[in-house]
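Undergrad: Next comes protein-v3.pdb, PDB, C-alpha atoms:
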```pdb
ATOM      1  CA  MET A   1     -31.107  -3.844  -6.951  1.00  0.00           C
ATOM      2  CA  LYS A   2     -31.177  -0.140  -7.792  1.00  0.00           C
ATOM      3  CA  SER A   3     -31.458   0.479  -4.049  1.00  0.00           C
ATOM      4  CA  VAL A   4     -28.073  -1.220  -3.661  1.00  0.00           C
ATOM      5  CA  LEU A   5     -26.618   1.122  -6.287  1.00  0.00           C
ATOM      6  CA  ILE A   6     -28.025   4.130  -4.468  1.00  0.00           C
ATOM      7  CA  GLY A   7     -26.715   2.738  -1.193  1.00  0.00           C
ATOM      8  CA  ALA A   8     -23.249   2.082  -2.603  1.00  0.00           C
ATOM      9  CA  LEU A   9     -22.906   5.542  -4.098  1.00  0.00           C
ATOM     10  CA  SER A  10     -24.327   7.117  -0.940  1.00  0.00           C
ATOM     11  CA  ALA A  11     -21.786   5.186   1.112  1.00  0.00           C
ATOM     12  CA  VAL A  12     -18.940   6.473  -1.065  1.00  0.00           C
ATOM     13  CA  ALA A  13     -20.273  10.002  -0.555  1.00  0.00           C
ATOM     14  CA  LEU A  14     -20.480   9.406   3.199  1.00  0.00           C
ATOM     15  CA  LEU A  15     -16.891   8.195   3.216  1.00  0.00           C
ATOM     16  CA  ALA A  16     -15.863  11.405   1.486  1.00  0.00           C
ATOM     17  CA  VAL A  17     -17.178  13.523   4.374  1.00  0.00           C
ATOM     18  CA  ALA A  18     -16.236  11.178   7.228  1.00  0.00           C
ATOM     19  CA  PRO A  19     -12.988  13.103   7.997  1.00  0.00           C
ATOM     20  CA  ALA A  20     -15.078  16.086   9.066  1.00  0.00           C
ATOM     21  CA  ALA A  21     -16.366  14.019  11.950  1.00  0.00           C
ATOM     22  CA  ASN A  22     -12.839  12.983  12.958  1.00  0.00           C
ATOM     23  CA  ALA A  23     -14.179   9.417  13.159  1.00  0.00           C
ATOM     24  CA  GLY A  24     -11.869   6.541  12.271  1.00  0.00           C
ATOM     25  CA  SER A  25      -9.834   6.367   9.103  1.00  0.00           C
ATOM     26  CA  GLY A  26     -10.203   5.420   5.472  1.00  0.00           C
ATOM     27  CA  TYR A  27     -10.142   6.713   1.915  1.00  0.00           C
ATOM     28  CA  VAL A  28     -12.118   7.538  -1.215  1.00  0.00           C
ATOM     29  CA  GLY A  29     -10.658   7.033  -4.651  1.00  0.00           C
ATOM     30  CA  ALA A  30     -10.941   6.390  -8.360  1.00  0.00           C
ATOM     31  CA  ALA A  31      -9.282   3.713 -10.499  1.00  0.00           C
ATOM     32  CA  TYR A  32      -8.712   2.608 -14.087  1.00  0.00           C
ATOM     33  CA  THR A  33      -8.328  -1.085 -15.023  1.00  0.00           C
ATOM     34  CA  ARG A  34      -7.191  -2.638 -18.290  1.00  0.00           C
ATOM     35  CA  ALA A  35      -8.306  -6.284 -18.492  1.00  0.00           C
ATOM     36  CA  GLU A  36      -7.041  -8.673 -21.154  1.00  0.00           C
ATOM     37  CA  VAL A  37      -9.095 -11.896 -21.214  1.00  0.00           C
ATOM     38  CA  ASP A  38      -8.233 -14.999 -23.260  1.00  0.00           C
ATOM     39  CA  THR A  39     -11.242 -17.308 -23.691  1.00  0.00           C
ATOM     40  CA  GLY A  40      -9.601 -19.796 -26.041  1.00  0.00           C
ATOM     41  CA  PHE A  41     -11.594 -18.342 -28.921  1.00  0.00           C
ATOM     42  CA  GLY A  42      -9.751 -15.038 -29.011  1.00  0.00           C
ATOM     43  CA  ASP A  43      -9.021 -12.099 -26.774  1.00  0.00           C
ATOM     44  CA  ASP A  44     -11.686  -9.935 -25.124  1.00  0.00           C
ATOM     45  CA  ASP A  45     -10.009  -6.796 -23.820  1.00  0.00           C
ATOM     46  CA  SER A  46     -11.757  -4.009 -21.923  1.00  0.00           C
ATOM     47  CA  ASP A  47     -11.158  -0.699 -20.176  1.00  0.00           C
ATOM     48  CA  GLY A  48     -12.841  -0.163 -16.821  1.00  0.00           C
ATOM     49  CA  TYR A  49     -13.342   2.775 -14.487  1.00  0.00           C
ATOM     50  CA  GLY A  50     -14.545   2.903 -10.920  1.00  0.00           C
ATOM     51  CA  ILE A  51     -14.945   4.759  -7.652  1.00  0.00           C
ATOM     52  CA  GLU A  52     -14.374   3.248  -4.219  1.00  0.00           C
ATOM     53  CA  GLY A  53     -14.354   4.078  -0.547  1.00  0.00           C
ATOM     54  CA  ALA A  54     -13.650   2.479   2.814  1.00  0.00           C
ATOM     55  CA  TRP A  55     -14.204   3.704   6.370  1.00  0.00           C
ATOM     56  CA  ALA A  56     -13.077   1.991   9.581  1.00  0.00           C
ATOM     57  CA  PHE A  57     -14.012   3.049  13.102  1.00  0.00           C
ATOM     58  CA  LYS A  58     -14.382   1.729  16.644  1.00  0.00           C
ATOM     59  CA  ALA A  59     -17.956   0.769  17.509  1.00  0.00           C
ATOM     60  CA  THR A  60     -16.860  -0.054  21.076  1.00  0.00           C
ATOM     61  CA  PRO A  61     -13.416  -0.062  22.735  1.00  0.00           C
ATOM     62  CA  SER A  62     -13.010  -3.727  21.729  1.00  0.00           C
ATOM     63  CA  LEU A  63     -15.037  -3.931  18.492  1.00  0.00           C
ATOM     64  CA  GLY A  64     -14.025  -2.477  15.129  1.00  0.00           C
ATOM     65  CA  VAL A  65     -16.222  -1.901  12.069  1.00  0.00           C
ATOM     66  CA  GLN A  66     -15.298  -1.280   8.426  1.00  0.00           C
ATOM     67  CA  ILE A  67     -17.624  -0.350   5.563  1.00  0.00           C
ATOM     68  CA  ASP A  68     -16.560  -0.673   1.900  1.00  0.00           C
ATOM     69  CA  ALA A  69     -18.434   0.684  -1.111  1.00  0.00           C
ATOM     70  CA  ALA A  70     -17.550   0.550  -4.805  1.00  0.00           C
ATOM     71  CA  PHE A  71     -18.967   1.147  -8.271  1.00  0.00           C
ATOM     72  CA  SER A  72     -17.335   0.257 -11.603  1.00  0.00           C
ATOM     73  CA  ASP A  73     -18.173   0.109 -15.289  1.00  0.00           C
ATOM     74  CA  SER A  74     -16.291  -1.130 -18.335  1.00  0.00           C
ATOM     75  CA  ASP A  75     -16.522  -1.306 -22.138  1.00  0.00           C
ATOM     76  CA  GLY A  76     -19.548  -3.016 -23.636  1.00  0.00           C
ATOM     77  CA  SER A  77     -23.089  -3.378 -22.366  1.00  0.00           C
ATOM     78  CA  ASN A  78     -24.316  -4.617 -18.983  1.00  0.00           C
ATOM     79  CA  ASN A  79     -20.906  -4.420 -17.300  1.00  0.00           C
ATOM     80  CA  GLU A  80     -21.793  -2.296 -14.278  1.00  0.00           C
ATOM     81  CA  ALA A  81     -20.821  -3.628 -10.854  1.00  0.00           C
ATOM     82  CA  TYR A  82     -21.526  -2.122  -7.451  1.00  0.00           C
ATOM     83  CA  GLY A  83     -21.760  -3.282  -3.890  1.00  0.00           C
ATOM     84  CA  LEU A  84     -21.444  -2.819  -0.148  1.00  0.00           C
ATOM     85  CA  THR A  85     -19.468  -4.872   2.381  1.00  0.00           C
ATOM     86  CA  GLY A  86     -19.508  -4.654   6.163  1.00  0.00           C
ATOM     87  CA  HIS A  87     -16.727  -5.994   8.402  1.00  0.00           C
ATOM     88  CA  VAL A  88     -16.729  -6.572  12.165  1.00  0.00           C
ATOM     89  CA  ASN A  89     -13.511  -7.442  13.990  1.00  0.00           C
ATOM     90  CA  ALA A  90     -11.393  -7.475  17.105  1.00  0.00           C
ATOM     91  CA  ARG A  91      -7.950  -5.893  16.690  1.00  0.00           C
ATOM     92  CA  ASN A  92      -4.827  -5.113  18.689  1.00  0.00           C
ATOM     93  CA  ASP A  93      -1.227  -4.238  17.844  1.00  0.00           C
ATOM     94  CA  LYS A  94      -0.415  -7.876  17.000  1.00  0.00           C
ATOM     95  CA  TYR A  95      -3.389  -9.187  15.000  1.00  0.00           C
ATOM     96  CA  LEU A  96      -6.949  -8.772  13.713  1.00  0.00           C
ATOM     97  CA  VAL A  97      -9.692 -11.437  13.587  1.00  0.00           C
ATOM     98  CA  GLY A  98     -13.177 -10.874  12.209  1.00  0.00           C
ATOM     99  CA  GLY A  99     -15.769 -11.517   9.534  1.00  0.00           C
ATOM    100  CA  PHE A 100     -17.596  -9.811   6.667  1.00  0.00           C
ATOM    101  CA  VAL A 101     -20.949  -9.798   4.865  1.00  0.00           C
ATOM    102  CA  GLY A 102     -21.427  -8.317   1.407  1.00  0.00           C
ATOM    103  CA  LEU A 103     -24.153  -7.560  -1.139  1.00  0.00           C
ATOM    104  CA  ALA A 104     -23.318  -6.746  -4.756  1.00  0.00           C
ATOM    105  CA  ASP A 105     -24.865  -6.467  -8.187  1.00  0.00           C
ATOM    106  CA  ILE A 106     -22.484  -7.543 -10.952  1.00  0.00           C
ATOM    107  CA  ALA A 107     -23.857  -7.318 -14.510  1.00  0.00           C
ATOM    108  CA  ASP A 108     -27.426  -7.524 -13.129  1.00  0.00           C
ATOM    109  CA  GLU A 109     -26.507 -10.597 -11.076  1.00  0.00           C
ATOM    110  CA  THR A 110     -27.237 -10.353  -7.345  1.00  0.00           C
ATOM    111  CA  VAL A 111     -24.322 -11.725  -5.304  1.00  0.00           C
ATOM    112  CA  TRP A 112     -24.266 -12.327  -1.543  1.00  0.00           C
ATOM    113  CA  SER A 113     -21.027 -13.104   0.264  1.00  0.00           C
ATOM    114  CA  VAL A 114     -19.930 -13.988   3.783  1.00  0.00           C
ATOM    115  CA  GLY A 115     -16.576 -14.912   5.251  1.00  0.00           C
ATOM    116  CA  VAL A 116     -13.934 -14.742   7.944  1.00  0.00           C
ATOM    117  CA  GLU A 117     -10.688 -12.781   7.779  1.00  0.00           C
ATOM    118  CA  GLY A 118      -7.565 -12.035   9.749  1.00  0.00           C
ATOM    119  CA  GLU A 119      -4.289 -10.130   9.802  1.00  0.00           C
ATOM    120  CA  LYS A 120      -0.994 -10.725  11.624  1.00  0.00           C
ATOM    121  CA  TYR A 121       1.299  -7.754  12.227  1.00  0.00           C
ATOM    122  CA  PHE A 122       5.082  -7.810  12.332  1.00  0.00           C
ATOM    123  CA  ASN A 123       7.459  -4.829  12.317  1.00  0.00           C
ATOM    124  CA  ASN A 124       7.185  -3.768   8.655  1.00  0.00           C
ATOM    125  CA  VAL A 125       5.197  -6.747   7.364  1.00  0.00           C
ATOM    126  CA  THR A 126       1.508  -7.647   7.460  1.00  0.00           C
ATOM    127  CA  VAL A 127       0.239 -11.123   6.548  1.00  0.00           C
ATOM    128  CA  ALA A 128      -3.494 -11.148   5.757  1.00  0.00           C
ATOM    129  CA  GLY A 129      -5.989 -13.801   4.710  1.00  0.00           C
ATOM    130  CA  ALA A 130      -9.694 -14.409   4.156  1.00  0.00           C
ATOM    131  CA  PHE A 131     -11.944 -17.415   3.563  1.00  0.00           C
ATOM    132  CA  GLY A 132     -15.337 -16.758   2.024  1.00  0.00           C
ATOM    133  CA  TYR A 133     -18.465 -18.070   0.326  1.00  0.00           C
ATOM    134  CA  ALA A 134     -20.505 -16.248  -2.328  1.00  0.00           C
ATOM    135  CA  ASN A 135     -23.763 -17.094  -4.104  1.00  0.00           C
ATOM    136  CA  ALA A 136     -25.026 -15.602  -7.359  1.00  0.00           C
ATOM    137  CA  ASP A 137     -28.842 -15.762  -7.242  1.00  0.00           C
ATOM    138  CA  ASP A 138     -29.887 -15.863 -10.901  1.00  0.00           C
ATOM    139  CA  SER A 139     -27.276 -18.361 -12.148  1.00  0.00           C
ATOM    140  CA  ASP A 140     -27.378 -20.315  -8.853  1.00  0.00           C
ATOM    141  CA  ALA A 141     -23.575 -20.230  -8.734  1.00  0.00           C
ATOM    142  CA  ASP A 142     -21.696 -21.147  -5.569  1.00  0.00           C
ATOM    143  CA  ILE A 143     -18.174 -19.859  -4.997  1.00  0.00           C
ATOM    144  CA  TRP A 144     -15.791 -20.852  -2.205  1.00  0.00           C
ATOM    145  CA  GLY A 145     -12.431 -19.183  -1.965  1.00  0.00           C
ATOM    146  CA  VAL A 146      -9.289 -18.309  -0.057  1.00  0.00           C
ATOM    147  CA  ASP A 147      -7.285 -15.116  -0.558  1.00  0.00           C
ATOM    148  CA  SER A 148      -3.973 -14.095   0.999  1.00  0.00           C
ATOM    149  CA  GLN A 149      -1.711 -11.046   0.974  1.00  0.00           C
ATOM    150  CA  VAL A 150       1.735 -10.151   2.235  1.00  0.00           C
ATOM    151  CA  ARG A 151       2.340  -6.389   2.588  1.00  0.00           C
ATOM    152  CA  TYR A 152       5.778  -4.872   3.134  1.00  0.00           C
ATOM    153  CA  PHE A 153       6.247  -1.258   4.215  1.00  0.00           C
ATOM    154  CA  LEU A 154       9.433   0.309   2.893  1.00  0.00           C
ATOM    155  CA  THR A 155       8.337   3.437   4.812  1.00  0.00           C
ATOM    156  CA  ASP A 156       5.135   4.287   6.680  1.00  0.00           C
ATOM    157  CA  ASN A 157       3.759   5.752   3.420  1.00  0.00           C
ATOM    158  CA  PHE A 158       5.187   3.343   0.819  1.00  0.00           C
ATOM    159  CA  ARG A 159       3.820  -0.197   0.636  1.00  0.00           C
ATOM    160  CA  ILE A 160       4.397  -3.077  -1.780  1.00  0.00           C
ATOM    161  CA  GLN A 161       2.486  -6.342  -1.684  1.00  0.00           C
ATOM    162  CA  GLY A 162       1.935  -9.765  -3.204  1.00  0.00           C
ATOM    163  CA  ALA A 163      -1.263 -11.802  -3.291  1.00  0.00           C
ATOM    164  CA  LEU A 164      -2.373 -15.386  -3.972  1.00  0.00           C
ATOM    165  CA  GLY A 165      -5.925 -16.693  -4.260  1.00  0.00           C
ATOM    166  CA  TRP A 166      -7.989 -19.783  -5.038  1.00  0.00           C
ATOM    167  CA  ALA A 167     -11.708 -20.164  -5.740  1.00  0.00           C
ATOM    168  CA  LYS A 168     -14.002 -23.139  -6.375  1.00  0.00           C
ATOM    169  CA  VAL A 169     -16.785 -22.175  -8.801  1.00  0.00           C
ATOM    170  CA  GLU A 170     -19.909 -24.337  -9.243  1.00  0.00           C
ATOM    171  CA  ALA A 171     -22.662 -23.147 -11.621  1.00  0.00           C
ATOM    172  CA  GLY A 172     -24.856 -25.878 -13.113  1.00  0.00           C
ATOM    173  CA  PRO A 173     -22.613 -28.161 -15.169  1.00  0.00           C
ATOM    174  CA  PHE A 174     -19.666 -25.780 -14.743  1.00  0.00           C
ATOM    175  CA  ASP A 175     -17.340 -26.877 -11.943  1.00  0.00           C
ATOM    176  CA  ASP A 176     -13.826 -25.484 -11.929  1.00  0.00           C
ATOM    177  CA  ASN A 177     -11.028 -23.971  -9.857  1.00  0.00           C
ATOM    178  CA  ALA A 178      -9.719 -20.452 -10.426  1.00  0.00           C
ATOM    179  CA  TRP A 179      -6.232 -19.438  -9.293  1.00  0.00           C
ATOM    180  CA  SER A 180      -4.898 -15.893  -9.051  1.00  0.00           C
ATOM    181  CA  ALA A 181      -1.614 -14.175  -8.263  1.00  0.00           C
ATOM    182  CA  GLY A 182      -0.821 -10.493  -8.133  1.00  0.00           C
ATOM    183  CA  VAL A 183       1.579  -7.756  -7.135  1.00  0.00           C
ATOM    184  CA  GLY A 184       0.988  -4.114  -6.319  1.00  0.00           C
ATOM    185  CA  GLY A 185       1.969  -1.072  -4.328  1.00  0.00           C
ATOM    186  CA  GLU A 186       0.799   2.277  -2.956  1.00  0.00           C
ATOM    187  CA  TYR A 187       2.608   5.540  -2.195  1.00  0.00           C
ATOM    188  CA  LYS A 188       1.219   8.452  -0.145  1.00  0.00           C
ATOM    189  CA  PHE A 189       2.645  11.934  -0.605  1.00  0.00           C
ATOM    190  CA  ALA A 190       4.044  13.764   2.414  1.00  0.00           C
ATOM    191  CA  ALA A 191       2.584  17.197   1.621  1.00  0.00           C
ATOM    192  CA  VAL A 192      -1.011  16.167   0.862  1.00  0.00           C
ATOM    193  CA  PRO A 193      -3.256  13.270   2.035  1.00  0.00           C
ATOM    194  CA  VAL A 194      -3.266  11.739  -1.456  1.00  0.00           C
ATOM    195  CA  SER A 195      -1.838   8.396  -2.554  1.00  0.00           C
ATOM    196  CA  VAL A 196      -1.325   6.665  -5.895  1.00  0.00           C
ATOM    197  CA  TYR A 197      -1.441   2.913  -6.347  1.00  0.00           C
ATOM    198  CA  GLY A 198      -1.177   0.243  -8.992  1.00  0.00           C
ATOM    199  CA  GLY A 199      -1.244  -3.494  -9.419  1.00  0.00           C
ATOM    200  CA  TYR A 200      -1.325  -6.518 -11.713  1.00  0.00           C
ATOM    201  CA  THR A 201      -3.363  -9.719 -11.259  1.00  0.00           C
ATOM    202  CA  ARG A 202      -3.224 -12.934 -13.282  1.00  0.00           C
ATOM    203  CA  THR A 203      -6.183 -15.357 -13.060  1.00  0.00           C
ATOM    204  CA  GLU A 204      -6.464 -18.822 -14.639  1.00  0.00           C
ATOM    205  CA  PHE A 205      -9.038 -21.628 -14.520  1.00  0.00           C
ATOM    206  CA  ASP A 206      -7.921 -25.266 -14.237  1.00  0.00           C
ATOM    207  CA  ASP A 207     -10.171 -26.835 -16.874  1.00  0.00           C
ATOM    208  CA  ALA A 208     -11.872 -24.001 -18.742  1.00  0.00           C
ATOM    209  CA  ASN A 209      -9.596 -22.382 -21.290  1.00  0.00           C
ATOM    210  CA  ILE A 210      -9.979 -18.956 -19.655  1.00  0.00           C
ATOM    211  CA  SER A 211      -7.302 -16.630 -18.298  1.00  0.00           C
ATOM    212  CA  SER A 212      -7.062 -12.924 -17.632  1.00  0.00           C
ATOM    213  CA  ASP A 213      -4.467 -10.246 -16.990  1.00  0.00           C
ATOM    214  CA  ALA A 214      -5.704  -7.133 -15.174  1.00  0.00           C
ATOM    215  CA  PHE A 215      -3.659  -3.934 -14.742  1.00  0.00           C
ATOM    216  CA  THR A 216      -4.971  -1.262 -12.351  1.00  0.00           C
ATOM    217  CA  ILE A 217      -3.870   2.266 -11.480  1.00  0.00           C
ATOM    218  CA  GLY A 218      -5.672   4.627  -9.131  1.00  0.00           C
ATOM    219  CA  VAL A 219      -5.598   7.594  -6.778  1.00  0.00           C
ATOM    220  CA  ARG A 220      -7.004   7.943  -3.243  1.00  0.00           C
ATOM    221  CA  TYR A 221      -7.769  10.735  -0.816  1.00  0.00           C
ATOM    222  CA  ASN A 222      -6.859   9.423   2.652  1.00  0.00           C
ATOM    223  CA  PHE A 223      -7.885  10.412   6.155  1.00  0.00           C
ATOM    224  CA  GLY A 224      -6.705   9.080   9.500  1.00  0.00           C
ATOM    225  CA  GLY A 225      -2.902   8.899   9.229  1.00  0.00           C
ATOM    226  CA  SER A 226      -0.236   7.135   7.193  1.00  0.00           C
ATOM    227  CA  LEU A 227      -0.639   4.028   5.025  1.00  0.00           C
ATOM    228  CA  LYS A 228       0.844   1.969   7.836  1.00  0.00           C
ATOM    229  CA  ASP A 229      -1.651   3.517  10.273  1.00  0.00           C
ATOM    230  CA  ARG A 230      -4.441   2.455   7.913  1.00  0.00           C
ATOM    231  CA  ASP A 231      -3.005  -1.058   7.740  1.00  0.00           C
ATOM    232  CA  ARG A 232      -2.699  -1.500  11.509  1.00  0.00           C
ATOM    233  CA  ASN A 233      -5.633   0.579  12.780  1.00  0.00           C
ATOM    234  CA  GLY A 234      -7.916   1.488   9.884  1.00  0.00           C
ATOM    235  CA  ALA A 235      -9.505   0.428   6.596  1.00  0.00           C
ATOM    236  CA  SER A 236      -7.218  -2.418   5.506  1.00  0.00           C
ATOM    237  CA  LEU A 237      -9.738  -5.164   4.641  1.00  0.00           C
ATOM    238  CA  ALA A 238     -11.409  -4.263   1.333  1.00  0.00           C
ATOM    239  CA  GLY A 239      -8.966  -6.109  -0.939  1.00  0.00           C
ATOM    240  CA  LEU A 240      -9.657  -9.567   0.505  1.00  0.00           C
ATOM    241  CA  SER A 241     -13.473  -9.666   0.340  1.00  0.00           C
ATOM    242  CA  SER A 242     -13.956  -9.353  -3.459  1.00  0.00           C
ATOM    243  CA  LEU A 243     -14.268 -13.108  -4.100  1.00  0.00           C
ATOM    244  CA  ALA A 244     -17.171 -12.995  -6.563  1.00  0.00           C
ATOM    245  CA  SER A 245     -15.802 -10.214  -8.771  1.00  0.00           C
ATOM    246  CA  ARG A 246     -12.373 -11.868  -8.902  1.00  0.00           C
ATOM    247  CA  VAL A 247     -13.744 -14.936 -10.706  1.00  0.00           C
ATOM    248  CA  GLY A 248     -15.953 -12.975 -13.082  1.00  0.00           C
ATOM    249  CA  PHE A 249     -19.403 -12.791 -11.421  1.00  0.00           C
TER     250      PHE A 249
END
```
Show me, as structure tokens, the structure contained in the file I just sent.
TA:
Amino acid sequence: MKSVLIGALSAVALLAVAPAANAGSGYVGAAYTRAEVDTGFGDDDSDGYGIEGAWAFKATPSLGVQIDAAFSDSDGSNNEAYGLTGHVNARNDKYLVGGFVGLADIADETVWSVGVEGEKYFNNVTVAGAFGYANADDSDADIWGVDSQVRYFLTDNFRIQGALGWAKVEAGPFDDNAWSAGVGGEYKFAAVPVSVYGGYTRTEFDDANISSDAFTIGVRYNFGGSLKDRDRNGASLAGLSSLASRVGF
């Protein structure tokens, strides 16, 4: 899987120079996450850091493509996670419909994912959703899930959002449902193509006595217009295709 790491970091580097080609839109960024996990036997808190990037462009007049890449690490050993996701979609000024395929390595576990996704655009509101399946090779875990977001634009460069998600996790004798809810926002400065963002996500399992609270802050360098331009015409899909990492694989 080291080739996936090299590919993910190379993709982030490619996204950093994509503006020079005036092709599409997207961002590169860095983030910090504080995760507080309650396992029923005590708390297991960690600090995590990561880099990310996303690039969206038109492959044909009617077909859009988005590429996401990310790498993260956190306290403790064997906590590195990295991956690549590709999206293909059809989009107009009213909606987007498409699908995604992803490959990741999370704590030395190879994870494949595939799914469908869509967005519906209103004046200052976007409603987005995705349904996906992921498989973790070594532990033979199967994950099915649904994620949804509602994004509200106070201005073209100031967005707040809420999210809900559900996942079915089957791994040997372990069979449980994970539920998540979160809020967040992003603000892009007028003078420079830089934005800051933050969010909070709560995740709980039905039967297992496991819950987590994750707080994230980050900064992005953007290319291709305003945050609303990115939402309606650019790289708006990365947040809904992270099914495996959301439930801890």
Undergrad: Taking only C-alpha atoms into account, which of A:Asp147, A:Glu80, A:Asp38, A:Asp75 comes nearest A:Asp105?
TA: A:Glu80
Undergrad: Please report, as JSON, the centre and edge lengths in Å to one decimal of an axis-aligned box covering all listed atoms of stretch 38-53 of chain A with 4 Å per side.
TA:
```
{"center_x": -11.6, "center_y": -7.5, "center_z": -14.8, "size_x": 14.7, "size_y": 32.6, "size_z": 36.5}
```
Undergrad: To verify the selection step, state as number ranges by chain which residues the PyMOL selection byres ((chain A and resi 190-198) around 8) yields on this input.
TA: A: 184-189, 199-200, 215-223
Undergrad: Go ahead and save the residues from that selection, with C-alpha atoms, as a PDB file, in the frame of the given file.
TA:
```pdb
ATOM      1  CA  GLY A 184       0.988  -4.114  -6.319  1.00  0.00           C
ATOM      2  CA  GLY A 185       1.969  -1.072  -4.328  1.00  0.00           C
ATOM      3  CA  GLU A 186       0.799   2.277  -2.956  1.00  0.00           C
ATOM      4  CA  TYR A 187       2.608   5.540  -2.195  1.00  0.00           C
ATOM      5  CA  LYS A 188       1.219   8.452  -0.145  1.00  0.00           C
ATOM      6  CA  PHE A 189       2.645  11.934  -0.605  1.00  0.00           C
ATOM      7  CA  GLY A 199      -1.244  -3.494  -9.419  1.00  0.00           C
ATOM      8  CA  TYR A 200      -1.325  -6.518 -11.713  1.00  0.00           C
ATOM      9  CA  PHE A 215      -3.659  -3.934 -14.742  1.00  0.00           C
ATOM     10  CA  THR A 216      -4.971  -1.262 -12.351  1.00  0.00           C
ATOM     11  CA  ILE A 217      -3.870   2.266 -11.480  1.00  0.00           C
ATOM     12  CA  GLY A 218      -5.672   4.627  -9.131  1.00  0.00           C
ATOM     13  CA  VAL A 219      -5.598   7.594  -6.778  1.00  0.00           C
ATOM     14  CA  ARG A 220      -7.004   7.943  -3.243  1.00  0.00           C
ATOM     15  CA  TYR A 221      -7.769  10.735  -0.816  1.00  0.00           C
ATOM     16  CA  ASN A 222      -6.859   9.423   2.652  1.00  0.00           C
ATOM     17  CA  PHE A 223      -7.885  10.412   6.155  1.00  0.00           C
TER      18      PHE A 223
END
```
Undergrad: For the structure provided, state which residues fall under the PyMOL selection byres ((chain A and resi 89) around 7), and present them as JSON, numbers by chain.
TA: {"A": [63, 64, 65, 87, 88, 90, 91, 96, 97, 98, 99]}
Undergrad: Can you spell out as a PyMOL selection string the set of residues that the PyMOL selection byres ((chain A and resi 135) around 6) selects in the structure I just provided?
TA: chain A and resi 111-112+134+136+141-142
Undergrad: Counting all atoms listed in the file, which of A:Ser72, A:Thr201, A:Gln66, A:Ser211 gets nearest to A:Phe100?
TA: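 Nearest to A:Phe100: A:Gln66.
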Undergrad: Do you know which residues are at most 8 Å from stretch 152-167 of chain A counting all atoms listed in the file, after dropping those on the same chain fewer than 2 positions away, and could you put them as a short mmCIF file (atom, residue, chain, number, x, y, z; two decimals) with C-alpha atoms, in the frame of the given file?
TA:
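Done, and the output landed in part06.cif:
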```
data_model
loop_
_atom_site.label_atom_id
_atom_site.label_comp_id
_atom_site.auth_asym_id
_atom_site.auth_seq_id
_atom_site.Cartn_x
_atom_site.Cartn_y
_atom_site.Cartn_z
CA ASN A 124 7.18 -3.77 8.65
CA VAL A 125 5.20 -6.75 7.36
CA THR A 126 1.51 -7.65 7.46
CA ILE A 143 -18.17 -19.86 -5.00
CA TRP A 144 -15.79 -20.85 -2.20
CA GLY A 145 -12.43 -19.18 -1.96
CA VAL A 146 -9.29 -18.31 -0.06
CA ASP A 147 -7.28 -15.12 -0.56
CA SER A 148 -3.97 -14.10 1.00
CA GLN A 149 -1.71 -11.05 0.97
CA VAL A 150 1.74 -10.15 2.24
CA VAL A 169 -16.78 -22.18 -8.80
CA ASN A 177 -11.03 -23.97 -9.86
CA ALA A 178 -9.72 -20.45 -10.43
CA TRP A 179 -6.23 -19.44 -9.29
CA SER A 180 -4.90 -15.89 -9.05
CA ALA A 181 -1.61 -14.18 -8.26
CA GLY A 182 -0.82 -10.49 -8.13
CA VAL A 183 1.58 -7.76 -7.14
CA GLY A 184 0.99 -4.11 -6.32
CA GLY A 185 1.97 -1.07 -4.33
CA GLU A 186 0.80 2.28 -2.96
CA TYR A 187 2.61 5.54 -2.19
CA LYS A 188 1.22 8.45 -0.14
CA PHE A 189 2.64 11.93 -0.60
CA SER A 226 -0.24 7.14 7.19
CA LEU A 227 -0.64 4.03 5.03
CA LYS A 228 0.84 1.97 7.84
CA ASP A 229 -1.65 3.52 10.27
CA LEU A 243 -14.27 -13.11 -4.10
CA VAL A 247 -13.74 -14.94 -10.71
#
```
Undergrad: At what distance in Å, to one decimal, does atom CA of A:Asp68 lie from atom CA of A:Arg232?
TA: 16.9 Å
Undergrad: Would you mind listing what lies within 8 Å of stretch 25-35 of chain A as a PyMOL selection string, with all atoms listed in the file counted and same-chain residues fewer than 3 positions away left out?
TA: chain A and resi 12+15-16+19+45-57+212-225+230+234-235
Undergrad: So, counting all atoms listed in the file, which residue among A:Arg202, A:Thr60, A:Val101, A:Ala208 is closest to A:Phe174?
TA: A:Ala208
Undergrad: With all atoms listed in the file as the basis for distance, which of A:Asp231, A:Lys168, A:Ala81, A:Asp73 is at the shortest distance from A:Phe205?
TA: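 Nearest to A:Phe205: A:Lys168.
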Undergrad: Enter the distance from atom CA of A:Asp140 to atom CA of A:Gly172, in Å, rounded to one decimal.
TA: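 Taking atom CA of A:Asp140 as the start and atom CA of A:Gly172 as the end point, the length is 7.4 Å.
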